[in-house]
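Colleague: As input, take structure.tsv (TSV, C-alpha atoms):
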chain	number	residue	atom	x	y	z
A	1160	ALA	CA	-60.95	203.13	138.84
A	1161	ALA	CA	-58.72	204.98	136.42
A	1162	GLY	CA	-56.69	206.28	139.36
A	1163	ARG	CA	-56.24	202.77	140.80
A	1164	ASN	CA	-55.09	201.48	137.41
A	1165	ASP	CA	-52.53	204.26	137.21
A	1166	VAL	CA	-51.18	203.29	140.67
A	1167	VAL	CA	-51.00	199.60	139.72
A	1168	GLY	CA	-49.25	200.43	136.46
A	1169	SER	CA	-46.80	202.68	138.29
A	1170	ASP	CA	-46.03	199.91	140.81
A	1171	GLU	CA	-45.44	197.40	138.02
A	1172	ASN	CA	-43.10	199.78	136.20
A	1173	SER	CA	-41.24	200.49	139.43
A	1174	SER	CA	-40.93	196.75	140.12
A	1175	ARG	CA	-39.58	196.08	136.63
A	1176	GLN	CA	-37.08	198.89	137.02
A	1177	ARG	CA	-35.89	197.46	140.34
A	1178	LEU	CA	-35.49	194.03	138.77
A	1179	ARG	CA	-33.50	195.49	135.88
A	1180	ARG	CA	-31.26	197.39	138.28
A	1181	ALA	CA	-30.78	194.26	140.40
A	1182	LYS	CA	-29.92	192.18	137.35
A	1183	LEU	CA	-27.50	194.82	136.11
A	1184	ALA	CA	-25.82	194.98	139.52
A	1185	MET	CA	-25.55	191.19	139.65
A	1186	VAL	CA	-24.07	190.97	136.15
A	1187	LEU	CA	-21.55	193.73	136.85
A	1188	CYS	CA	-20.47	192.11	140.12
A	1189	VAL	CA	-20.03	188.69	138.47
A	1190	ILE	CA	-18.08	190.25	135.58
A	1191	GLY	CA	-15.92	192.13	138.08
A	1192	ASN	CA	-15.12	188.96	140.01
A	1193	LEU	CA	-14.32	187.03	136.84
A	1194	ALA	CA	-12.18	189.91	135.55
A	1195	ILE	CA	-10.06	189.88	138.71
A	1196	LEU	CA	-9.72	186.10	138.57
A	1197	GLY	CA	-8.95	186.22	134.85
A	1198	PHE	CA	-6.28	188.89	135.21
A	1199	PHE	CA	-4.32	187.14	137.93
A	1200	LYS	CA	-4.79	183.56	136.78
A	1201	TYR	CA	-5.15	183.54	133.00
A	1202	THR	CA	-3.31	186.54	131.58
A	1203	ASP	CA	-0.02	184.70	131.05
A	1204	PHE	CA	-1.95	181.65	129.79
A	1205	LEU	CA	-3.65	183.75	127.11
A	1206	ILE	CA	-0.39	185.47	126.16
A	1207	GLY	CA	1.38	182.12	125.82
A	1208	THR	CA	-1.47	180.70	123.75
A	1209	VAL	CA	-1.44	183.70	121.41
A	1210	ASN	CA	2.33	183.46	121.05
A	1211	GLY	CA	2.05	179.77	120.24
A	1212	LEU	CA	-0.69	180.20	117.66
A	1213	LEU	CA	0.56	183.35	115.96
A	1214	GLY	CA	4.29	183.05	116.55
A	1215	GLY	CA	4.29	186.25	118.59
A	1216	GLN	CA	6.94	187.42	121.01
A	1217	LEU	CA	4.75	188.98	123.67
A	1218	SER	CA	6.43	188.96	127.08
A	1219	LEU	CA	4.73	187.11	129.93
A	1220	LEU	CA	3.77	189.29	132.90
A	1221	HIS	CA	4.59	186.61	135.53
A	1222	ILE	CA	1.79	187.81	137.78
A	1223	ALA	CA	1.88	186.36	141.30
A	1224	LEU	CA	-1.28	184.35	141.93
A	1225	PRO	CA	-3.02	185.30	145.19
A	1226	ILE	CA	-3.41	182.19	147.34
A	1227	GLY	CA	-6.91	180.73	147.22
A	1228	ILE	CA	-8.26	183.27	144.73
A	1229	SER	CA	-10.37	180.66	142.91
A	1230	PHE	CA	-12.10	179.64	146.13
A	1231	TYR	CA	-13.07	183.03	147.53
A	1232	THR	CA	-14.00	184.29	144.05
A	1233	PHE	CA	-16.49	181.45	143.67
A	1234	GLN	CA	-17.80	182.08	147.19
A	1235	THR	CA	-18.39	185.76	146.45
A	1236	MET	CA	-20.10	184.97	143.15
A	1237	SER	CA	-22.41	182.41	144.77
A	1238	TYR	CA	-23.44	185.02	147.36
A	1239	ILE	CA	-24.20	187.62	144.69
A	1240	ILE	CA	-26.22	185.18	142.57
A	1241	ASP	CA	-28.12	183.76	145.57
A	1242	VAL	CA	-29.10	187.27	146.69
A	1243	TYR	CA	-30.31	188.06	143.17
A	1244	TRP	CA	-32.28	184.81	143.02
A	1245	GLY	CA	-33.80	185.57	146.41
A	1246	LYS	CA	-32.35	182.47	148.08
A	1247	VAL	CA	-30.66	184.52	150.82
A	1248	ALA	CA	-31.11	188.00	152.21
A	1249	ALA	CA	-28.41	190.54	151.54
A	1250	GLN	CA	-25.96	190.90	154.43
A	1251	LYS	CA	-26.02	194.50	155.67
A	1252	ASP	CA	-23.12	194.06	158.08
A	1253	PHE	CA	-19.87	194.51	156.14
A	1254	ILE	CA	-17.81	192.83	158.91
A	1255	ALA	CA	-20.01	189.72	158.73
A	1256	PHE	CA	-19.74	189.63	154.94
A	1257	ALA	CA	-15.95	190.12	155.09
A	1258	ALA	CA	-15.74	187.30	157.64
A	1259	TYR	CA	-17.56	185.03	155.18
A	1260	VAL	CA	-15.24	185.90	152.27
A	1261	THR	CA	-12.05	185.61	154.34
A	1262	LEU	CA	-13.05	182.65	156.50
A	1263	PHE	CA	-9.51	181.46	157.16
A	1264	PRO	CA	-10.05	177.73	157.98
A	1265	GLN	CA	-10.97	177.05	154.35
A	1266	LEU	CA	-9.90	180.27	152.61
A	1267	ILE	CA	-6.75	179.10	150.86
A	1268	ALA	CA	-7.72	175.63	149.63
A	1269	GLY	CA	-11.43	175.06	150.16
A	1270	PRO	CA	-13.87	173.53	150.47
A	1271	ILE	CA	-16.07	176.16	148.82
A	1272	VAL	CA	-18.51	177.42	151.44
A	1273	ARG	CA	-21.81	179.01	150.42
A	1274	TYR	CA	-23.17	181.99	152.30
A	1275	ALA	CA	-26.50	180.27	152.96
A	1276	ASP	CA	-24.70	177.50	154.87
A	1277	VAL	CA	-23.00	179.85	157.34
A	1278	ALA	CA	-25.20	182.97	157.35
A	1279	VAL	CA	-26.64	182.28	160.80
A	1280	MET	CA	-23.27	181.21	162.22
A	1281	LEU	CA	-21.61	184.45	161.12
A	1282	VAL	CA	-23.66	186.45	163.61
A	1283	GLY	CA	-24.90	183.98	166.22
A	1284	ARG	CA	-22.64	180.95	166.53
A	1285	LYS	CA	-21.86	179.34	169.86
A	1286	THR	CA	-18.95	177.15	170.85
A	1287	ASN	CA	-18.47	174.73	173.71
A	1288	VAL	CA	-15.83	172.34	174.96
A	1289	GLU	CA	-17.34	169.33	173.20
A	1290	GLN	CA	-17.43	171.14	169.85
A	1291	ILE	CA	-13.82	172.32	170.24
A	1292	ALA	CA	-12.69	168.81	171.18
A	1293	GLU	CA	-14.51	167.35	168.16
A	1294	GLY	CA	-12.83	169.93	165.93
A	1295	ILE	CA	-9.39	169.09	167.32
A	1296	ARG	CA	-9.94	165.39	166.68
A	1297	ARG	CA	-11.06	166.05	163.10
A	1298	PHE	CA	-8.06	168.33	162.54
A	1299	ILE	CA	-5.63	165.65	163.75
A	1300	ILE	CA	-7.15	163.06	161.39
A	1301	GLY	CA	-6.77	165.44	158.44
A	1302	PHE	CA	-3.25	166.40	159.52
A	1303	GLY	CA	-2.36	162.71	159.60
A	1304	LYS	CA	-3.74	162.14	156.10
A	1305	LYS	CA	-1.55	164.93	154.80
A	1306	VAL	CA	1.72	164.19	156.60
A	1307	LEU	CA	1.67	160.41	157.01
A	1308	LEU	CA	0.01	159.44	153.72
A	1309	ALA	CA	-0.05	162.20	151.10
A	1310	ASN	CA	3.51	163.38	151.74
A	1311	GLN	CA	4.89	159.84	151.68
A	1312	VAL	CA	3.19	158.99	148.40
A	1313	TYR	CA	4.41	162.32	147.02
A	1314	VAL	CA	8.00	161.06	147.36
A	1315	ILE	CA	7.20	158.28	144.89
A	1316	TRP	CA	5.55	160.64	142.40
A	1317	ASN	CA	8.35	163.19	142.75
A	1318	GLU	CA	11.04	160.59	142.00
A	1319	ILE	CA	9.18	159.43	138.89
A	1320	THR	CA	8.65	162.95	137.53
A	1321	ALA	CA	12.37	163.65	138.06
A	1322	MET	CA	13.26	160.79	135.69
A	1323	GLU	CA	14.11	161.33	132.04
A	1324	LEU	CA	11.07	160.58	129.91
A	1325	GLU	CA	12.87	157.83	127.97
A	1326	GLN	CA	13.62	156.05	131.27
A	1327	ILE	CA	9.95	155.69	132.18
A	1328	SER	CA	8.63	152.15	131.76
A	1329	LEU	CA	5.11	150.78	131.81
A	1330	ALA	CA	5.41	149.78	135.46
A	1331	THR	CA	6.87	153.17	136.39
A	1332	ALA	CA	4.11	155.01	134.55
A	1333	TRP	CA	1.41	153.00	136.32
A	1334	LEU	CA	3.15	153.45	139.65
A	1335	GLY	CA	3.27	157.22	139.06
A	1336	ALA	CA	-0.41	157.36	138.13
A	1337	LEU	CA	-1.40	155.39	141.23
A	1338	ALA	CA	0.90	157.45	143.45
A	1339	PHE	CA	-0.59	160.76	142.32
A	1340	THR	CA	-4.12	159.34	142.51
A	1341	PHE	CA	-3.68	158.55	146.19
A	1342	GLN	CA	-1.59	161.64	146.90
A	1343	ILE	CA	-4.18	164.13	145.68
A	1344	TYR	CA	-6.96	162.30	147.51
A	1345	PHE	CA	-5.19	162.14	150.87
A	1346	ASP	CA	-3.82	165.66	150.40
A	1347	PHE	CA	-7.08	167.38	149.56
A	1348	SER	CA	-9.38	165.30	151.76
A	1349	GLY	CA	-6.87	165.80	154.57
A	1350	TYR	CA	-7.00	169.56	154.11
A	1351	SER	CA	-10.80	169.45	153.99
A	1352	ASP	CA	-10.81	167.52	157.29
A	1353	MET	CA	-8.49	170.12	158.80
A	1354	ALA	CA	-10.71	172.96	157.56
A	1355	ILE	CA	-13.84	171.28	158.93
A	1356	GLY	CA	-12.05	170.72	162.25
A	1357	LEU	CA	-10.87	174.32	162.49
A	1358	GLY	CA	-14.35	175.51	161.60
A	1359	ARG	CA	-15.90	173.48	164.39
A	1360	MET	CA	-13.42	174.93	166.89
A	1361	LEU	CA	-14.72	178.37	165.88
A	1362	GLY	CA	-18.39	177.40	165.88
A	1363	PHE	CA	-18.86	176.78	162.13
A	1364	GLU	CA	-20.29	173.63	160.59
A	1365	PHE	CA	-18.86	173.09	157.10
A	1366	LYS	CA	-20.31	170.44	154.83
A	1367	GLU	CA	-18.34	167.32	153.93
A	1368	ASN	CA	-16.26	167.58	150.77
A	1369	PHE	CA	-15.47	163.90	150.07
A	1370	ASP	CA	-17.48	160.69	150.26
A	1371	TYR	CA	-15.23	157.75	149.33
A	1372	PRO	CA	-14.84	158.93	145.70
A	1373	TYR	CA	-12.75	155.97	144.54
A	1374	LEU	CA	-15.64	153.64	145.40
A	1375	SER	CA	-17.69	155.20	142.61
A	1376	SER	CA	-19.16	152.90	139.97
A	1377	SER	CA	-19.29	155.63	137.31
A	1378	VAL	CA	-17.76	159.01	136.54
A	1379	THR	CA	-21.14	160.58	137.32
A	1380	GLU	CA	-21.05	159.05	140.79
A	1381	PHE	CA	-17.40	160.06	141.17
A	1382	TRP	CA	-18.32	163.72	140.77
A	1383	ARG	CA	-21.04	163.35	143.38
A	1384	ARG	CA	-18.39	162.13	145.82
A	1385	TRP	CA	-15.22	164.06	144.83
A	1386	HIS	CA	-14.75	167.75	145.79
A	1387	ILE	CA	-18.47	167.95	146.47
A	1388	SER	CA	-18.42	171.69	147.12
A	1389	LEU	CA	-17.00	172.36	143.63
A	1390	SER	CA	-19.13	169.84	141.73
A	1391	THR	CA	-22.35	171.15	143.29
A	1392	TRP	CA	-21.25	174.75	142.62
A	1393	LEU	CA	-20.62	173.96	138.95
A	1394	ARG	CA	-23.98	172.18	138.77
A	1395	ASP	CA	-26.03	174.92	140.43
A	1396	TYR	CA	-24.43	178.04	138.98
A	1397	LEU	CA	-23.07	176.92	135.62
A	1398	TYR	CA	-24.68	173.70	134.35
A	1399	ILE	CA	-28.23	174.66	135.34
A	1400	SER	CA	-27.73	178.25	134.13
A	1401	MET	CA	-26.73	176.85	130.72
A	1402	GLY	CA	-29.99	174.92	130.57
A	1403	GLY	CA	-29.04	171.78	132.49
A	1404	ASN	CA	-31.14	168.85	131.35
A	1405	ARG	CA	-34.20	170.98	130.62
A	1406	CYS	CA	-33.42	170.97	126.93
A	1407	SER	CA	-32.72	168.60	124.06
A	1408	ARG	CA	-30.51	165.60	124.67
A	1409	TRP	CA	-27.63	166.90	122.56
A	1410	ARG	CA	-27.83	170.30	124.23
A	1411	MET	CA	-27.67	168.55	127.61
A	1412	TYR	CA	-24.50	166.71	126.51
A	1413	PHE	CA	-23.02	170.02	125.41
A	1414	ASN	CA	-23.87	171.59	128.76
A	1415	GLN	CA	-22.19	168.73	130.64
A	1416	PHE	CA	-19.11	168.83	128.44
A	1417	MET	CA	-18.65	172.61	128.65
A	1418	THR	CA	-19.21	172.58	132.41
A	1419	MET	CA	-16.34	170.15	132.85
A	1420	ILE	CA	-14.13	172.07	130.40
A	1421	LEU	CA	-14.61	175.22	132.47
A	1422	GLY	CA	-14.20	173.20	135.66
A	1423	GLY	CA	-10.86	171.96	134.39
A	1424	LEU	CA	-9.81	175.50	133.46
A	1425	TRP	CA	-10.82	176.67	136.94
A	1426	HIS	CA	-8.16	174.36	138.38
A	1427	GLY	CA	-5.33	175.97	136.47
A	1428	ALA	CA	-4.27	178.08	133.51
A	1429	SER	CA	-2.96	175.26	131.33
A	1430	TRP	CA	-4.18	173.22	128.39
A	1431	ASN	CA	-3.44	170.13	130.47
A	1432	PHE	CA	-6.30	171.10	132.79
A	1433	VAL	CA	-8.55	171.76	129.81
A	1434	VAL	CA	-7.83	168.27	128.48
A	1435	TRP	CA	-8.42	166.79	131.94
A	1436	GLY	CA	-11.79	168.54	132.10
A	1437	ALA	CA	-12.63	167.47	128.54
A	1438	LEU	CA	-11.88	163.82	129.34
A	1439	HIS	CA	-14.18	163.92	132.36
A	1440	GLY	CA	-16.80	165.76	130.33
A	1441	ALA	CA	-16.66	163.12	127.59
A	1442	ALA	CA	-16.88	160.36	130.22
A	1443	LEU	CA	-19.93	162.01	131.84
A	1444	CYS	CA	-21.65	162.36	128.46
A	1445	GLY	CA	-20.79	158.78	127.56
A	1446	HIS	CA	-22.18	157.47	130.83
A	1447	LYS	CA	-25.37	159.50	130.43
A	1448	ALA	CA	-25.81	158.25	126.86
A	1449	TRP	CA	-25.28	154.66	128.06
A	1450	GLN	CA	-27.90	155.13	130.78
A	1451	ASN	CA	-30.36	156.54	128.27
A	1452	ARG	CA	-29.72	153.65	125.89
A	1453	LEU	CA	-30.38	151.08	128.62
A	1454	GLY	CA	-33.33	153.01	130.02
A	1455	HIS	CA	-31.72	153.59	133.42
A	1456	ASP	CA	-32.61	156.66	135.45
A	1457	LYS	CA	-30.06	158.71	137.39
A	1458	ARG	CA	-30.72	156.73	140.57
A	1459	TYR	CA	-29.64	153.42	139.01
A	1460	HIS	CA	-26.57	151.76	140.53
A	1461	PRO	CA	-25.23	148.34	139.51
A	1462	SER	CA	-24.92	145.71	142.21
A	1463	GLY	CA	-22.82	142.63	142.94
A	1464	ILE	CA	-20.10	141.73	140.46
A	1465	ARG	CA	-21.30	144.41	138.04
A	1466	ARG	CA	-20.70	147.11	140.62
A	1467	LEU	CA	-17.27	145.70	141.47
A	1468	LEU	CA	-16.24	145.73	137.81
A	1469	ALA	CA	-17.71	149.23	137.37
A	1470	ILE	CA	-15.73	150.49	140.38
A	1471	VAL	CA	-12.48	149.04	139.04
A	1472	LEU	CA	-13.10	150.50	135.58
A	1473	THR	CA	-14.04	153.93	136.95
A	1474	PHE	CA	-11.05	154.03	139.29
A	1475	HIS	CA	-8.56	153.30	136.53
A	1476	LEU	CA	-10.24	155.77	134.16
A	1477	VAL	CA	-9.96	158.49	136.81
A	1478	CYS	CA	-6.39	157.37	137.51
A	1479	LEU	CA	-5.36	157.81	133.87
A	1480	CYS	CA	-7.08	161.20	133.66
A	1481	TRP	CA	-5.03	162.38	136.65
A	1482	LEU	CA	-1.90	162.13	134.48
A	1483	PHE	CA	-2.99	165.27	132.61
A	1484	PHE	CA	-3.80	166.98	135.89
A	1485	ALA	CA	-0.48	166.08	137.51
A	1486	ASN	CA	2.03	166.66	134.72
A	1487	ALA	CA	3.16	170.12	133.69
A	1488	THR	CA	3.42	169.28	129.98
A	1489	PHE	CA	1.55	167.33	127.33
A	1490	GLU	CA	4.77	165.55	126.48
A	1491	ALA	CA	5.12	164.00	129.94
A	1492	SER	CA	1.46	162.96	130.03
A	1493	GLY	CA	1.70	161.54	126.50
A	1494	VAL	CA	4.83	159.52	127.25
A	1495	MET	CA	3.30	157.98	130.37
A	1496	LEU	CA	0.10	157.08	128.54
A	1497	GLN	CA	2.08	155.65	125.64
A	1498	LYS	CA	4.07	153.45	128.00
A	1499	ILE	CA	0.91	152.26	129.73
A	1500	PHE	CA	-0.81	151.21	126.51
A	1501	THR	CA	2.06	150.14	124.26
A	1502	ASP	CA	5.06	149.08	126.35
A	1503	PHE	CA	3.90	146.06	128.30
A	1504	HIS	CA	6.57	143.48	129.14
A	1505	GLY	CA	5.05	140.89	131.43
A	1506	GLU	CA	8.36	139.18	132.11
A	1507	LEU	CA	9.68	142.31	133.83
A	1508	LEU	CA	6.76	142.60	136.25
A	1509	PRO	CA	8.06	140.15	138.93
A	1510	GLU	CA	11.44	141.89	138.89
A	1511	PHE	CA	9.77	145.26	139.31
A	1512	LEU	CA	7.60	144.08	142.19
A	1513	ALA	CA	10.61	142.60	143.95
A	1514	GLY	CA	12.56	145.83	143.51
A	1515	TYR	CA	9.92	148.01	145.16
A	1516	PRO	CA	8.50	145.95	148.05
A	1517	THR	CA	7.79	148.93	150.33
A	1518	VAL	CA	6.12	150.93	147.59
A	1519	MET	CA	3.99	147.99	146.53
A	1520	ALA	CA	2.97	147.36	150.14
A	1521	LEU	CA	1.99	151.01	150.56
A	1522	ILE	CA	-0.13	151.04	147.41
A	1523	LEU	CA	-1.73	147.72	148.33
A	1524	PHE	CA	-2.48	149.11	151.79
A	1525	GLY	CA	-4.13	152.16	150.17
A	1526	PHE	CA	-6.28	149.93	147.97
A	1527	VAL	CA	-7.36	147.72	150.86
A	1528	VAL	CA	-8.13	150.57	153.25
A	1529	HIS	CA	-10.10	152.56	150.71
A	1530	TYR	CA	-12.14	149.58	149.54
A	1531	LEU	CA	-13.01	148.31	153.00
A	1532	PRO	CA	-16.74	148.43	153.75
A	1533	THR	CA	-17.80	151.95	154.70
A	1534	SER	CA	-19.31	150.56	157.89
A	1535	TRP	CA	-15.77	149.66	159.04
A	1536	SER	CA	-14.51	153.15	158.31
A	1537	ASP	CA	-17.51	154.68	160.07
A	1538	ALA	CA	-16.84	152.48	163.07
A	1539	ALA	CA	-13.20	153.65	163.13
A	1540	CYS	CA	-14.34	157.28	162.96
A	1541	ARG	CA	-16.78	156.70	165.82
A	1542	PHE	CA	-13.95	155.18	167.85
A	1543	LEU	CA	-11.69	158.17	167.20
A	1544	THR	CA	-14.43	160.60	168.20
A	1545	ARG	CA	-15.04	158.94	171.55
A	1546	GLU	CA	-14.15	160.96	174.60
A	1547	SER	CA	-12.45	158.17	176.51
A	1548	LEU	CA	-9.04	158.84	178.00
A	1549	VAL	CA	-7.45	156.06	175.91
A	1550	VAL	CA	-8.66	157.57	172.62
A	1551	GLN	CA	-7.54	161.05	173.67
A	1552	LEU	CA	-4.10	159.69	174.54
A	1553	ILE	CA	-3.83	157.90	171.17
A	1554	LEU	CA	-4.72	161.10	169.30
A	1555	PHE	CA	-2.31	163.17	171.40
A	1556	LEU	CA	0.55	160.75	170.67
A	1557	LEU	CA	-0.42	160.72	166.99
A	1558	LEU	CA	-0.29	164.53	166.92
A	1559	ILE	CA	3.19	164.53	168.48
A	1560	PHE	CA	4.37	161.93	165.97
A	1561	ILE	CA	2.98	163.97	163.06
A	1562	ILE	CA	4.68	167.13	164.28
A	1563	VAL	CA	7.99	165.26	164.55
A	1564	GLN	CA	7.54	164.04	160.98
A	1565	VAL	CA	6.92	167.59	159.78
A	1566	ARG	CA	10.04	168.88	161.52
A	1567	GLY	CA	12.14	166.04	160.19
A	1568	SER	CA	11.22	166.35	156.53
A	1569	GLU	CA	10.74	168.87	153.78
A	1570	VAL	CA	7.30	170.43	154.11
A	1571	GLN	CA	5.15	169.81	151.04
A	1572	PRO	CA	2.49	172.46	150.31
A	1573	PHE	CA	-1.10	171.42	149.77
A	1574	ILE	CA	-1.83	170.70	146.11
A	1575	TYR	CA	-4.91	172.91	146.02
A	1576	LEU	CA	-3.05	175.97	147.27
A	1577	GLN	CA	-2.18	176.71	143.63
A	1578	PHE	CA	-5.84	176.95	142.66
Please express the file's structure as structure tokens.

Modeller:
Amino acid sequence: AAGRNDVVGSDENSSRQRLRRAKLAMVLCVIGNLAILGFFKYTDFLIGTVNGLLGGQLSLLHIALPIGISFYTFQTMSYIIDVYWGKVAAQKDFIAFAAYVTLFPQLIAGPIVRYADVAVMLVGRKTNVEQIAEGIRRFIIGFGKKVLLANQVYVIWNEITAMELEQISLATAWLGALAFTFQIYFDFSGYSDMAIGLGRMLGFEFKENFDYPYLSSSVTEFWRRWHISLSTWLRDYLYISMGGNRCSRWRMYFNQFMTMILGGLWHGASWNFVVWGALHGAALCGHKAWQNRLGHDKRYHPSGIRRLLAIVLTFHLVCLCWLFFANATFEASGVMLQKIFTDFHGELLPEFLAGYPTVMALILFGFVVHYLPTSWSDAACRFLTRESLVVQLILFLLLIFIIVQVRGSEVQPFIYLQF
């Protein structure tokens, strides 16, 4: 009996030692990934902040940011943490692991792909003609979003940002906010469609990254529909690790707020992104507090006129927050917000609308299309994925038209390339 107890005790000690070594390895790997990301992305930001606070004269390093570093860093970290948690088995094949990290369809601008979602496909995927054709159709739809919609709206935003700040009026500020709101949606959702399409051509099934985000009736719902791969990553690996909602109410609010602060900082090394994250964090906390006050659970959604009003309010709140995301300086964001809230001249509105008929028609078209019933949009998607000769011809002509547009205009990079 004494001998058996010694064996059991030895096994327990060995198990604890293995767990400690595994935890140490996980922590070191995460720190290493964050150190690489921090060096390339935040060194100049920290130097500039120190100079601003202390009046220093430290020179910026002007480090070139590797394309897509935020995306593949998060993918690598999720793999390491999932292996430590026992959610996935460690990949012994270095080529398969390298293929996951450098998966080119989504490498440079997302969506964030988790190892568990593609582990089987890395070593045993199959492709066929139908899958390739479906991928091509999805790629064309995303390509069209980028070239025909995002790039056109970008022209409006670019002209407004080129104006002197004192020339910006209330109508111009609102027009700029709406233009960027639609630009970033069509740009990023278009790229996500292209990545999903390319993945399907190669035998990979990537998860959807957008679900009609501007139809959200709250900021909480918005983050369930916008950049889903990032919001779920932040929830699973940051928010829950900080305690999530398994703590006091005020601690939960703190966890939400800090998660969005860090999410904003992930997007870029600028205080504008920190403010953008803080605004969304405050809105999430406010919505959660309101739900708690009314006794609503997280599954509650308003209906009828209440939902319509909630959607309009949420859309415009998100729209105003985008001003901090889009502008390079606080001054530009502040001026546009000041104009929106303090410089209203109703008598100038008809003149402004008459002066920009095409722009107004484009924005109105964007509103109408996005707020159409989802069943209509789903029906249109089903039509475009049909294999009839007519549909194939329409998509082929659309592809040719898009390519002509690209050749005939200045190519605009994807917004999320910088992240």

Colleague: Give me the residues within 8 Å of Lys1366 (chain A) as a compact mmCIF listing (two decimals) with C-alpha atoms, keeping the file's coordinate frame, counting all atoms listed in the file and dropping any in the same chain fewer than 2 places off.

Modeller:
# COMPACT_ATOMS: atom_id res chain seq x y z
CA VAL A 1272 -18.51 177.42 151.44
CA ILE A 1355 -13.84 171.28 158.93
CA GLU A 1364 -20.29 173.63 160.59
CA ASN A 1368 -16.26 167.58 150.77

Colleague: What residues have an atom no more than 9 Å from (1.9, 166.4, 157.2) in the file's own frame, counting only C-alpha atoms, and can you write them as an MDAnalysis selection string?

Modeller: chainID A and resid 1301:1310 1346 1561:1562 1564:1565 1570:1571

Colleague: In terms of the shortest atom-to-atom distance over all atoms listed in the file, which of A:Phe1298, A:Phe1560, A:Phe1573, A:Phe1363 is closest to Val1282 (chain A)?

Modeller: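 The answer is A:Phe1363, which sits nearest to Val1282 (chain A).
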
Colleague: For Tyr1396 (chain A), list every protein, DNA or RNA residue within 12 Å, evaluated using only C-alpha atoms, and leave out those in the same chain fewer than 6 positions away; present the list as a list in words.

Modeller: Val1189, Phe1233, Gln1234, Met1236, Ser1237, Tyr1238, Ile1239, Ile1240, Asp1241, Trp1244, Arg1273, Ser1388, Leu1389, Ser1390, Gly1402, Gly1403, Thr1418 and Gly1422 of chain A

Colleague: Which one of A:Phe1347, A:Trp1435, A:Trp1430, A:Tyr1274 sits closest to Thr1208 (chain A) if you count only C-alpha atoms?

Modeller: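 Ranking A:Phe1347, A:Trp1435, A:Trp1430, A:Tyr1274 by distance to Thr1208 (chain A), first place goes to A:Trp1430.
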